[in-house]
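Worksheet: the structure to be examined is printed underneath.
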Amino acid sequence: MTTSNLRVGRAHAAAAVGLLGVTLFFLSGAVFGAVSLALKKSEDWRVRVGRIQVLEDRLAEQRRDAVARLAAIGAGEKDIDLIASPENSIEIFKRSCAIMGAADCVVQSAPITASLVRRSSTVTVTGPLPDSLSKISEASSPPVQFSEFAIRGLSEANKVELRASLTSIGAGGEE
Amino acid sequence: MRSIEVLNRPLPWLERFTFDAAIDWIIAGLRAAAPSWLRRYGWRPCYVVAEAEPVLVERSWLGETRKASLAGAAPEALPCAICIPSSDVFLTTVNLPIEARPALREAVRHRLQDVSPIPLAEIEFAVGESGPTREGRLIAEVAIVRKQTIAEAMSSSAGRPVFMIGGGLNDDGGFRFLFDETESPKSDWRAFAPILAVLTGAVAFLTGLDIYVDRKLYAFSAYETQLLDVLKAEREKFSILDGLTPDAGSRENVLVAVLELGRIAALLPESVWIEEARITSTALEVSGFARRATQWPAELDPAIADSDRPETDRYSFRLDGSPQ
């Protein structure tokens with residue numbers, strides 16, 4: 001084996017090993033990159049699922065809290081639009097008064113929060129008891145409630161005097 | 001001496017570049033650099049040498065070859081190499097200038113007419129080992145064989161594809177002289193087929209998984225934005241209730257009690273007259289007058305007292321319980 005042969009042989013082996021090394025370097029780089037990307041996406045997935053869970057919990061809690069507050073004033077979730085609008089809130093209260101046929105529907109307002117007021121009125125009507133009861137059923141539409149109620153019999157046949165207190169909580173506005 | 005063959009191989013792009021040649025060149029280089037245990041790793045049947053007694057040649061992953069027993073192998077499924085018997089081969093040496101090395105075969109061809117006992121038109125030749133002398137000459141071994149001999153050997157292969165014709169079978173299964181060689185047998189690549197299949201499958205699976213994860217992350221992002229919008233909208237919607245504690249409102253809805261009163265009023269006999277009914281959040285109180293000996297409904301238990309009216313009693317009853 002001559003020196004020239006040895007030189008060529010060593011160069012050949014070194015080039016092949018170098019090529020293999022470069023190939024393995026890029027392959028390992030690709031594998032490392034893929035694994036890093038997978039780990040990053042996995043972490044991203046975990047974080048997003050966690051954030052979504054937190055948001056869902058917060059939304060459910062917000063709804064529960066709102067429903068509890070609405071229930072406290074005798075309303076349901078669907079009544080929020082009535083409560084939030086001063087005009088609607090006043091109108092529905094006056095509508096209940098009108099159903100009761102009360103001539104003297106004097107509305108008294110008392111603020112309970114920065115936005116909400118409690119409206120109340122005492123109405124007195126006379127007539128047959130079944131008619132009065134059906135009027136009460138019709139007039140008692142959330143958020144309007146009857147908080148006190150008294151019936152007195154009259155000497156006139158089948159007629160009673162009915163006195164009731166209506167209350168409602170809604171947005172404050174020009175009464 | 002085999003290492004000299006390897007070391008003398010020209011770079012593939014100097015001759016003609018092909019992918020197979022490049023891979024062969026890299027493997028040859030790795031073989032020269034690898035330790036012996038690695039050179040002899042991964043033996044697989046490669047080809048069969050058709051002789052009087054056929055020989056199986058195995059090849060390692062790095063291209064080392066060795067003779068092996070045919071027992072258990074299926075020679076008809078392997079490529080075939082033909083070894084010309086030594087009795088049909090004329091051996092000689094050719095003395096050449098050292099400068100002839102890069103085109104050794106062509107240089108030998110020019111000297112054949114001086115050394116061949118057979119007319120040039122009827123022969124094939126192969127150059128074997130070559131080495132320089134101290135005088136700066138190059139001594140090359142040359143094998144000469146009749147073309148007819150090769151044709152007869154080819155016809156004896158019984159139709160099996162022959163990829164190599166040589167003479168002087170070495171211990172490692174290679175030929176000392178190579179008269180003709182077509183494409184190398186591809187059996188070596190079959191060893192990598194399962195690995196390639198697994199790699200391809202893995203890459204396809206991971207690509208699909210990556211696309212799925214990307215889409216899912218996009219969906220998460222959209223859903224998160226949607227949740228934030230809903231949360232903000234509902235917060236604004238319910239902001240009217242801020243400051244309202246759950247116990248701030250009134251639960252005194254007496255509607256249920258009113259309906260209960262209506263039900264009871266319908267149960268009362270004609271002889272009972274309601275004078276007063278009072279409904280609060282906790283009770284329903286009813287009082288009035290009833291004729292004596294009135295039959296009261298079973299669910300009512302009124303308190304009876306004398307009244308100032310003839311044949312008439314005063315009664316009262318109370319039904320407790322929250323109307324809610």
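FYI, nothing fancy with the structure tokens labels: chains A, B, ... in order, residues from 1 per chain, ligands from 1 as they appear.
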Would you please give, as a PDB file with C-alpha atoms, in the first residue's frame, all residues of region 2-222 of chain B that DSSP assigns to strand (DSSP E or B) based on the backbone?
```
ATOM      1  CA  ARG B  44     -27.791 -11.444   4.988  1.00  0.00           C
ATOM      2  CA  PRO B  45     -27.787 -13.788   1.971  1.00  0.00           C
ATOM      3  CA  CYS B  46     -26.622 -11.751  -1.026  1.00  0.00           C
ATOM      4  CA  TYR B  47     -25.948 -13.997  -4.025  1.00  0.00           C
ATOM      5  CA  VAL B  48     -25.077 -17.503  -5.058  1.00  0.00           C
ATOM      6  CA  VAL B  49     -21.867 -18.345  -6.915  1.00  0.00           C
ATOM      7  CA  ALA B  50     -22.587 -20.987  -9.512  1.00  0.00           C
ATOM      8  CA  VAL B  55     -21.625 -21.260  -2.755  1.00  0.00           C
ATOM      9  CA  LEU B  56     -23.828 -18.806  -0.876  1.00  0.00           C
ATOM     10  CA  VAL B  57     -22.299 -15.374  -0.277  1.00  0.00           C
ATOM     11  CA  GLU B  58     -23.598 -13.251   2.580  1.00  0.00           C
ATOM     12  CA  ARG B  59     -23.127  -9.528   2.920  1.00  0.00           C
ATOM     13  CA  THR B  65     -18.908 -10.456   2.266  1.00  0.00           C
ATOM     14  CA  ARG B  66     -18.304 -14.032   3.337  1.00  0.00           C
ATOM     15  CA  LYS B  67     -19.005 -17.512   2.135  1.00  0.00           C
ATOM     16  CA  ALA B  68     -21.754 -19.368   3.901  1.00  0.00           C
ATOM     17  CA  CYS B  80     -26.465 -15.511  -9.419  1.00  0.00           C
ATOM     18  CA  ALA B  81     -22.723 -14.997 -10.016  1.00  0.00           C
ATOM     19  CA  ILE B  82     -20.670 -17.252 -12.267  1.00  0.00           C
ATOM     20  CA  CYS B  83     -17.146 -18.336 -11.427  1.00  0.00           C
ATOM     21  CA  ILE B  84     -15.118 -19.357 -14.480  1.00  0.00           C
ATOM     22  CA  PHE B  90      -5.080 -17.717 -18.695  1.00  0.00           C
ATOM     23  CA  LEU B  91      -3.161 -15.696 -16.100  1.00  0.00           C
ATOM     24  CA  THR B  92      -0.321 -13.310 -16.823  1.00  0.00           C
ATOM     25  CA  THR B  93       1.187 -10.069 -15.583  1.00  0.00           C
ATOM     26  CA  VAL B  94       1.704  -6.784 -17.395  1.00  0.00           C
ATOM     27  CA  ASN B  95       4.480  -4.356 -16.576  1.00  0.00           C
ATOM     28  CA  LEU B  96       3.273  -0.773 -17.021  1.00  0.00           C
ATOM     29  CA  PRO B  97       4.473   2.719 -16.185  1.00  0.00           C
ATOM     30  CA  ILE B 123     -11.288 -12.837 -25.480  1.00  0.00           C
ATOM     31  CA  GLU B 124     -12.464 -10.997 -22.418  1.00  0.00           C
ATOM     32  CA  PHE B 125      -9.970  -9.895 -19.849  1.00  0.00           C
ATOM     33  CA  ALA B 126      -9.947  -8.685 -16.246  1.00  0.00           C
ATOM     34  CA  VAL B 127      -7.313  -6.793 -14.290  1.00  0.00           C
ATOM     35  CA  GLY B 128      -6.629  -8.118 -10.817  1.00  0.00           C
ATOM     36  CA  GLU B 129      -4.337  -6.776  -8.165  1.00  0.00           C
ATOM     37  CA  SER B 130      -1.738  -4.244  -9.120  1.00  0.00           C
ATOM     38  CA  GLY B 131       1.198  -2.847  -7.216  1.00  0.00           C
ATOM     39  CA  PRO B 132       4.096  -0.493  -7.836  1.00  0.00           C
ATOM     40  CA  ARG B 137       6.676   0.591 -12.585  1.00  0.00           C
ATOM     41  CA  LEU B 138       3.273  -0.952 -12.060  1.00  0.00           C
ATOM     42  CA  ILE B 139       2.801  -4.727 -12.160  1.00  0.00           C
ATOM     43  CA  ALA B 140      -0.791  -5.729 -12.912  1.00  0.00           C
ATOM     44  CA  GLU B 141      -2.238  -9.249 -12.833  1.00  0.00           C
ATOM     45  CA  VAL B 142      -4.359  -9.977 -15.880  1.00  0.00           C
ATOM     46  CA  ALA B 143      -6.775 -12.855 -16.474  1.00  0.00           C
ATOM     47  CA  ILE B 144      -7.803 -13.758 -20.012  1.00  0.00           C
ATOM     48  CA  VAL B 145     -10.743 -15.947 -20.935  1.00  0.00           C
ATOM     49  CA  ARG B 146     -12.450 -16.894 -24.177  1.00  0.00           C
ATOM     50  CA  VAL B 162     -26.457 -13.384 -13.767  1.00  0.00           C
ATOM     51  CA  PHE B 163     -25.087 -10.146 -12.402  1.00  0.00           C
ATOM     52  CA  MET B 164     -21.387 -10.994 -12.105  1.00  0.00           C
ATOM     53  CA  ILE B 165     -18.887 -13.171 -13.980  1.00  0.00           C
ATOM     54  CA  GLY B 166     -15.471 -13.611 -12.458  1.00  0.00           C
ATOM     55  CA  GLY B 167     -12.606 -15.900 -11.842  1.00  0.00           C
ATOM     56  CA  GLY B 168     -10.650 -16.970  -8.775  1.00  0.00           C
ATOM     57  CA  LEU B 169     -13.208 -17.020  -5.969  1.00  0.00           C
ATOM     58  CA  PHE B 175     -13.671 -12.553  -7.276  1.00  0.00           C
ATOM     59  CA  ARG B 176     -10.001 -12.017  -7.838  1.00  0.00           C
ATOM     60  CA  PHE B 177     -10.819 -11.156 -11.465  1.00  0.00           C
ATOM     61  CA  LEU B 178     -14.079  -9.610 -12.560  1.00  0.00           C
ATOM     62  CA  PHE B 179     -14.903 -10.089 -16.255  1.00  0.00           C
ATOM     63  CA  ASP B 180     -18.345  -8.571 -16.230  1.00  0.00           C
ATOM     64  CA  GLU B 181     -20.651  -7.014 -13.675  1.00  0.00           C
TER      65      GLU B 181
END
```
- Query: Excluding same-chain residues fewer than 6 positions from Leu133 (chain A), what lies within 9 Å of it counting only C-alpha atoms, as a PyMOL selection string?
  - Reply: chain B and resi 258-259+261-262
Once you have the residues from the selection above, write them out as a short mmCIF file (atom, residue, chain, number, x, y, z; two decimals), in the first residue's frame, restricted to N, CA and C atoms.
```cif
data_model
loop_
_atom_site.label_atom_id
_atom_site.label_comp_id
_atom_site.auth_asym_id
_atom_site.auth_seq_id
_atom_site.Cartn_x
_atom_site.Cartn_y
_atom_site.Cartn_z
N VAL B 258 -102.65 32.72 47.93
CA VAL B 258 -103.90 33.21 47.35
C VAL B 258 -104.61 32.09 46.61
N LEU B 259 -103.83 31.35 45.87
CA LEU B 259 -104.43 30.22 45.15
C LEU B 259 -104.97 29.17 46.12
N LEU B 261 -106.09 29.84 49.06
CA LEU B 261 -107.34 30.40 49.61
C LEU B 261 -108.50 30.17 48.65
N GLY B 262 -108.24 30.36 47.37
CA GLY B 262 -109.27 30.13 46.37
C GLY B 262 -109.73 28.68 46.40
#
```
- Selection: 7 Å around Glu276 (chain B), only C-alpha atoms, excl. self and same-chain fewer than 6 positions, as a ChimeraX atom specification: /A:151-153 /B:286-288
Using only N, CA, C and O atoms, please write the residues we just selected to a file, as a compact mmCIF listing (two decimals), in the first residue's frame.
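The result, stored in out39.txt:
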```
# COMPACT_ATOMS: atom_id res chain seq x y z
N ILE A 151 -108.42 40.07 52.94
CA ILE A 151 -109.77 40.06 52.35
C ILE A 151 -110.78 40.35 53.48
O ILE A 151 -110.65 39.77 54.56
N ARG A 152 -111.65 41.21 53.19
CA ARG A 152 -112.72 41.48 54.19
C ARG A 152 -114.06 41.30 53.48
O ARG A 152 -114.28 41.82 52.39
N GLY A 153 -114.91 40.54 54.13
CA GLY A 153 -116.22 40.33 53.56
C GLY A 153 -117.09 41.58 53.69
O GLY A 153 -117.01 42.31 54.67
N VAL B 286 -108.00 32.75 58.25
CA VAL B 286 -109.36 32.98 57.75
C VAL B 286 -110.31 33.00 58.94
O VAL B 286 -110.20 32.16 59.84
N SER B 287 -111.23 33.92 58.93
CA SER B 287 -112.24 33.96 60.01
C SER B 287 -113.59 34.40 59.40
O SER B 287 -113.62 34.99 58.30
N GLY B 288 -114.70 34.11 60.13
CA GLY B 288 -116.01 34.49 59.61
C GLY B 288 -117.12 33.84 60.42
O GLY B 288 -116.91 33.51 61.61
```
- Looking only at the backbone, which of the residues in region 128-284 of chain B does DSSP tag as alpha helix (DSSP H), as a ChimeraX atom specification? /B:147-155,187-190,193-237,255-267
Do you know which residues are at most 9 Å from Ala114 (chain A) counting only C-alpha atoms, after dropping those on the same chain fewer than 4 positions away, and could you put them as a PDB file with all heavy atoms, in the first residue's frame?
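Everything below was put into around_7.pdb:
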```pdb
ATOM      1  N   GLY A 172     -83.933  51.848  38.435  1.00  0.00           N
ATOM      2  CA  GLY A 172     -84.505  53.134  38.815  1.00  0.00           C
ATOM      3  C   GLY A 172     -84.633  54.041  37.613  1.00  0.00           C
ATOM      4  O   GLY A 172     -83.859  53.952  36.652  1.00  0.00           O
TER       5      GLY A 172
ATOM      6  N   ILE B 240     -76.599  45.255  36.302  1.00  0.00           N
ATOM      7  CA  ILE B 240     -77.698  45.941  36.976  1.00  0.00           C
ATOM      8  C   ILE B 240     -77.909  45.372  38.385  1.00  0.00           C
ATOM      9  O   ILE B 240     -78.411  46.051  39.277  1.00  0.00           O
ATOM     10  CB  ILE B 240     -78.997  45.800  36.125  1.00  0.00           C
ATOM     11  CG1 ILE B 240     -80.139  46.633  36.693  1.00  0.00           C
ATOM     12  CG2 ILE B 240     -79.431  44.360  36.032  1.00  0.00           C
ATOM     13  CD1 ILE B 240     -79.990  48.082  36.418  1.00  0.00           C
ATOM     14  N   ASP B 242     -75.528  44.432  40.386  1.00  0.00           N
ATOM     15  CA  ASP B 242     -74.382  44.662  41.277  1.00  0.00           C
ATOM     16  C   ASP B 242     -74.844  45.318  42.569  1.00  0.00           C
ATOM     17  O   ASP B 242     -75.620  46.275  42.548  1.00  0.00           O
ATOM     18  CB  ASP B 242     -73.348  45.566  40.582  1.00  0.00           C
ATOM     19  CG  ASP B 242     -72.594  44.803  39.506  1.00  0.00           C
ATOM     20  OD1 ASP B 242     -72.746  43.562  39.449  1.00  0.00           O
ATOM     21  OD2 ASP B 242     -71.880  45.442  38.713  1.00  0.00           O
ATOM     22  N   GLY B 243     -74.351  44.827  43.666  1.00  0.00           N
ATOM     23  CA  GLY B 243     -74.712  45.387  44.975  1.00  0.00           C
ATOM     24  C   GLY B 243     -75.935  44.748  45.567  1.00  0.00           C
ATOM     25  O   GLY B 243     -76.261  44.979  46.727  1.00  0.00           O
TER      26      GLY B 243
END
```
Contacts of Thr124 (chain A) at 7 Å (only C-alpha atoms; same-chain gap of 3+ positions) as a JSON list (two decimals) with N, CA, C and O atoms, in the first residue's frame:
```json
[["chain", "number", "residue", "atom", "x", "y", "z"],
["A", 102, "ALA", "N", -107.15, 48.81, 40.30],
["A", 102, "ALA", "CA", -107.03, 49.76, 41.40],
["A", 102, "ALA", "C", -107.03, 51.18, 40.84],
["A", 102, "ALA", "O", -106.26, 51.51, 39.95],
["A", 161, "GLU", "N", -113.87, 42.92, 50.08],
["A", 161, "GLU", "CA", -112.92, 44.01, 49.89],
["A", 161, "GLU", "C", -111.53, 43.39, 49.99],
["A", 161, "GLU", "O", -111.23, 42.71, 50.96],
["A", 162, "LEU", "N", -110.77, 43.65, 49.01],
["A", 162, "LEU", "CA", -109.45, 43.00, 48.94],
["A", 162, "LEU", "C", -108.37, 44.08, 48.96],
["A", 162, "LEU", "O", -108.43, 45.04, 48.20],
["A", 163, "ARG", "N", -107.42, 43.91, 49.88],
["A", 163, "ARG", "CA", -106.33, 44.87, 49.99],
["A", 163, "ARG", "C", -105.01, 44.11, 49.83],
["A", 163, "ARG", "O", -104.80, 43.08, 50.48],
["A", 164, "ALA", "N", -104.19, 44.59, 48.92],
["A", 164, "ALA", "CA", -102.95, 43.87, 48.65],
["A", 164, "ALA", "C", -101.79, 44.84, 48.47],
["A", 164, "ALA", "O", -102.00, 45.99, 48.05]]
```
I'd like a table as a tab-separated table: residues in chain A with an atom no more than 6 Å from chain B, each row giving the shortest atom pair and its distance in Å to one decimal, only C-alpha atoms counted, sorted by chain and rising residue number.
```
residue	atom	partner	partner_atom	distance
A:Gly9	CA	B:Leu7	CA	4.4
A:His12	CA	B:Gly29	CA	5.3
A:Ala13	CA	B:Gly29	CA	4.0
A:Ala16	CA	B:Ile26	CA	4.7
A:Val17	CA	B:Leu30	CA	5.9
A:Ile52	CA	B:Glu224	CA	5.9
A:Leu59	CA	B:Leu231	CA	5.8
A:Arg69	CA	B:Pro246	CA	4.8
A:Ala72	CA	B:Gly249	CA	5.0
A:Ile73	CA	B:Gly249	CA	4.5
A:Thr113	CA	B:Gly243	CA	5.7
A:Ser115	CA	B:Ile240	CA	6.0
A:Gln145	CA	B:Asn253	CA	5.4
A:Phe146	CA	B:Asn253	CA	5.3
A:Ser147	CA	B:Glu252	CA	4.8
A:Glu148	CA	B:Thr280	CA	5.5
A:Phe149	CA	B:Ile279	CA	5.0
A:Ala150	CA	B:Arg278	CA	4.3
A:Ile151	CA	B:Ala277	CA	4.7
A:Arg152	CA	B:Glu276	CA	4.2
A:Gly153	CA	B:Glu275	CA	4.3
```
- Shortest contact to Ser109 (chain A), candidates A:Lys78, A:Val31, A:Ile169, A:Lys135, atoms counted only C-alpha atoms, goes to A:Ile169
- Can you tell me how far CA of Asp229 (chain B) sits from CA of Glu61 (chain A), in Å to one decimal? 15.7 Å
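Going from CA of Ala60 (chain A) over to CA of Ile80 (chain A), you cover 16.7 Å.
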- Within 9 Å of Asn158 (chain A) using only C-alpha atoms, minus same-chain residues under 6 positions, as number ranges by chain: A: 127-129
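When only C-alpha atoms are used to compute distances to Glu299 (chain B), the closest of the residues B:Asp172, B:Leu268, B:Trp61, B:Arg215 turns out to be B:Leu268.
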- What is the CA of Ser157 (chain B) to CA of Ser69 (chain B) distance in Å?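 Between CA of Ser157 (chain B) and CA of Ser69 (chain B) the gap works out to 19.7 Å.
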- Item | Which residue of A:Ile92, A:Leu37, A:Ala68, A:Leu116 approaches Gly170 (chain A) most closely, using only C-alpha atoms |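 Using only C-alpha atoms, the shortest distance to Gly170 (chain A) belongs to A:Leu116.
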